[in-house]
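Structure record follows, encoded as structure tokens.
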Amino acid sequence: MAKIPLMIVFCLAMHVVQAKEQIFSGATALEDITLEAIKVNGSFKGKNITIKKRANISGSCTCKKSKIGTLNSSGSCKIKDSDIKELNVSGSLRAENSKVEGNCTASGAVEFENMKVYGKTTVSGACKIKSSTLQDFEYSGRKAEIKDTTLASIHVKKLSERGIQTLELKGKTVVQGDVTFDDVDGLLEMDHEADIQGDIIKAGRIVTKDEIEKEKKNKSNDDDDDDDKKPYDFFKSVKKWFKELF
């Protein structure tokens, strides 16, 4: 049997791999289609599509009712009613009624509603998470607001610039493990029904909803007292002025 030169075999293999990846340039929209892999040099919209292996998007991305292997987006990303195996977004991420089987990473603000992430979730930005199920959750941002959500653990990473980082656990949020702050200036605010089953590590201050309402009420009362004093202070100043004048 004649031997095929190694270089020819390599070229044939490269051709097969490239043939499986569809490349699109400019704004692209796909609907009702199944592909092995795609690369889009521009913005992308997909509806009811299946990408078996990977989708690399060099721009903003919107997916609805779709199934994708690994989704990499270098712009903002919106996902609804979709299943993703691995999700990496270099920008803001808004996801609803969807599932990520592996890790989920976003380097911008995040909004989740009715989401399930079975791997680690890493966010570099502000967060709003509602009615979701996450495993280990790590974020580095000013504020994370989590409501009616179950998490395995929370790690608040220290920011490079100074400032207080706030973690709000609202509604019936449950953290099954630890809540860890890298910075002792971290602020943790909890509703009555929120529950941390592990330890709270390095939190500078823990505030309950009752304490927040009490602080607001006290501040309001102080402001009212200041308003009551203003007329008295005014007449006192006038009296002093007349006394100095005469």
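Ordering of the structure tokens sets the chain letters (A, B, ...), residue numbers begin anew at 1 in every chain, and ligands are numbered from 1 in the order given.
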
Among segment 55-245 of chain A, which ones does DSSP place in strand (DSSP E or B), written as a PyMOL selection string?
chain A and resi 55-57+61-64+67-73+77-80+83-89+93-100+104-106+110-117+121-123+127-130+133-139+143-147+150-156+166-170+174-175+179-181+187-190+195-196+200-201+205-208

DSSP helix (DSSP H, G or I) residues within segment 19-210 of chain A, listed as a PyMOL selection string:
chain A and resi 19-20+209-210

For segment 80-96 of chain A, list every protein, DNA or RNA residue within 7 Å, evaluated using only C-alpha atoms, and leave out those in the same chain fewer than 6 positions away; present the list as a ChimeraX atom specification.
/A:63-74,102-115

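Note that the spacing between atom CA of Thr34 of chain A and atom CA of Ile51 of chain A amounts to 6.0 Å.
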
Spatial neighbours of segment 21-27 of chain A, 12 Å, only C-alpha atoms, chain gap at least 2 places, as a PyMOL selection string:
chain A and resi 14-19+29-30+34-46+51-62

Take the residues just selected and output them with N, CA, C and O atoms as a CSV table (one decimal), in the first residue's frame.
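File selection.csv, as written:
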chain,number,residue,atom,x,y,z
A,14,MET,N,-6.6,19.6,8.2
A,14,MET,CA,-6.9,21.0,8.4
A,14,MET,C,-8.2,21.4,7.6
A,14,MET,O,-9.0,22.1,8.1
A,15,HIS,N,-8.3,20.9,6.4
A,15,HIS,CA,-9.4,21.2,5.5
A,15,HIS,C,-10.7,20.7,6.1
A,15,HIS,O,-11.7,21.4,6.1
A,16,VAL,N,-10.7,19.5,6.7
A,16,VAL,CA,-11.9,18.9,7.3
A,16,VAL,C,-12.3,19.7,8.5
A,16,VAL,O,-13.5,20.1,8.7
A,17,VAL,N,-11.4,20.2,9.4
A,17,VAL,CA,-11.7,21.0,10.5
A,17,VAL,C,-12.3,22.3,10.1
A,17,VAL,O,-13.3,22.7,10.7
A,18,GLN,N,-11.6,23.0,9.2
A,18,GLN,CA,-12.1,24.3,8.8
A,18,GLN,C,-13.5,24.2,8.1
A,18,GLN,O,-14.3,25.1,8.2
A,19,ALA,N,-13.7,23.1,7.4
A,19,ALA,CA,-15.0,22.9,6.7
A,19,ALA,C,-16.2,22.8,7.7
A,19,ALA,O,-17.3,23.2,7.4
A,29,ALA,N,-27.5,37.0,11.2
A,29,ALA,CA,-28.7,36.4,11.9
A,29,ALA,C,-28.9,35.0,11.4
A,29,ALA,O,-29.0,34.8,10.2
A,30,LEU,N,-29.1,34.1,12.3
A,30,LEU,CA,-29.4,32.7,11.9
A,30,LEU,C,-30.6,32.2,12.6
A,30,LEU,O,-30.9,32.6,13.7
A,34,THR,N,-28.9,24.0,12.2
A,34,THR,CA,-28.0,23.2,13.0
A,34,THR,C,-26.6,23.3,12.3
A,34,THR,O,-26.5,22.9,11.1
A,35,LEU,N,-25.6,23.7,13.1
A,35,LEU,CA,-24.2,23.8,12.5
A,35,LEU,C,-23.3,23.2,13.5
A,35,LEU,O,-23.6,23.1,14.7
A,36,GLU,N,-22.1,22.8,13.0
A,36,GLU,CA,-21.1,22.2,13.9
A,36,GLU,C,-20.4,23.3,14.7
A,36,GLU,O,-20.3,23.2,16.0
A,37,ALA,N,-20.0,24.4,14.1
A,37,ALA,CA,-19.3,25.5,14.8
A,37,ALA,C,-19.4,26.7,13.9
A,37,ALA,O,-19.5,26.6,12.7
A,38,ILE,N,-19.4,27.9,14.5
A,38,ILE,CA,-19.4,29.2,13.8
A,38,ILE,C,-18.5,30.2,14.3
A,38,ILE,O,-18.1,30.1,15.5
A,39,LYS,N,-18.0,31.0,13.4
A,39,LYS,CA,-17.2,32.2,13.8
A,39,LYS,C,-17.8,33.4,13.1
A,39,LYS,O,-17.9,33.4,11.9
A,40,VAL,N,-18.2,34.4,14.0
A,40,VAL,CA,-18.8,35.6,13.4
A,40,VAL,C,-18.0,36.8,13.7
A,40,VAL,O,-17.7,37.1,14.9
A,41,ASN,N,-17.5,37.5,12.7
A,41,ASN,CA,-16.8,38.7,12.8
A,41,ASN,C,-17.7,39.9,12.7
A,41,ASN,O,-17.8,40.6,11.7
A,42,GLY,N,-18.5,40.1,13.8
A,42,GLY,CA,-19.5,41.1,13.9
A,42,GLY,C,-20.6,40.7,14.9
A,42,GLY,O,-20.4,39.8,15.6
A,43,SER,N,-21.7,41.5,14.9
A,43,SER,CA,-22.7,41.1,15.8
A,43,SER,C,-23.5,39.9,15.3
A,43,SER,O,-23.5,39.6,14.2
A,44,PHE,N,-24.2,39.2,16.3
A,44,PHE,CA,-24.8,38.0,16.0
A,44,PHE,C,-26.2,37.9,16.7
A,44,PHE,O,-26.3,38.2,17.8
A,45,LYS,N,-27.2,37.4,15.9
A,45,LYS,CA,-28.5,37.0,16.5
A,45,LYS,C,-28.9,35.6,16.0
A,45,LYS,O,-28.8,35.3,14.9
A,46,GLY,N,-29.2,34.8,17.0
A,46,GLY,CA,-29.6,33.4,16.7
A,46,GLY,C,-30.9,33.0,17.4
A,46,GLY,O,-31.1,33.3,18.6
A,51,ILE,N,-25.8,24.9,17.8
A,51,ILE,CA,-24.3,24.9,17.4
A,51,ILE,C,-23.7,23.8,18.3
A,51,ILE,O,-23.6,24.0,19.5
A,52,LYS,N,-23.3,22.7,17.7
A,52,LYS,CA,-22.9,21.6,18.4
A,52,LYS,C,-21.6,21.8,19.3
A,52,LYS,O,-21.5,21.3,20.4
A,53,LYS,N,-20.6,22.5,18.7
A,53,LYS,CA,-19.3,22.6,19.4
A,53,LYS,C,-19.1,24.0,20.0
A,53,LYS,O,-19.1,24.2,21.2
A,54,ARG,N,-18.9,25.0,19.1
A,54,ARG,CA,-18.6,26.3,19.6
A,54,ARG,C,-19.1,27.4,18.7
A,54,ARG,O,-19.3,27.2,17.5
A,55,ALA,N,-19.3,28.6,19.4
A,55,ALA,CA,-19.7,29.8,18.6
A,55,ALA,C,-18.8,30.9,19.1
A,55,ALA,O,-18.9,31.3,20.3
A,56,ASN,N,-17.9,31.4,18.3
A,56,ASN,CA,-17.0,32.5,18.6
A,56,ASN,C,-17.6,33.8,17.9
A,56,ASN,O,-17.6,33.9,16.7
A,57,ILE,N,-18.0,34.8,18.8
A,57,ILE,CA,-18.6,36.0,18.3
A,57,ILE,C,-17.8,37.2,18.6
A,57,ILE,O,-17.5,37.5,19.8
A,58,SER,N,-17.3,37.9,17.6
A,58,SER,CA,-16.5,39.1,17.8
A,58,SER,C,-17.4,40.3,17.7
A,58,SER,O,-17.4,41.2,16.8
A,59,GLY,N,-18.3,40.4,18.7
A,59,GLY,CA,-19.3,41.5,18.8
A,59,GLY,C,-20.4,41.2,19.7
A,59,GLY,O,-20.3,40.2,20.5
A,60,SER,N,-21.5,41.9,19.7
A,60,SER,CA,-22.6,41.6,20.6
A,60,SER,C,-23.3,40.4,20.1
A,60,SER,O,-23.3,40.0,18.9
A,61,CYS,N,-24.0,39.8,21.1
A,61,CYS,CA,-24.6,38.5,20.8
A,61,CYS,C,-26.0,38.3,21.4
A,61,CYS,O,-26.2,38.7,22.6
A,62,THR,N,-27.0,37.8,20.6
A,62,THR,CA,-28.3,37.6,21.2
A,62,THR,C,-28.7,36.2,20.7
A,62,THR,O,-28.7,35.8,19.6
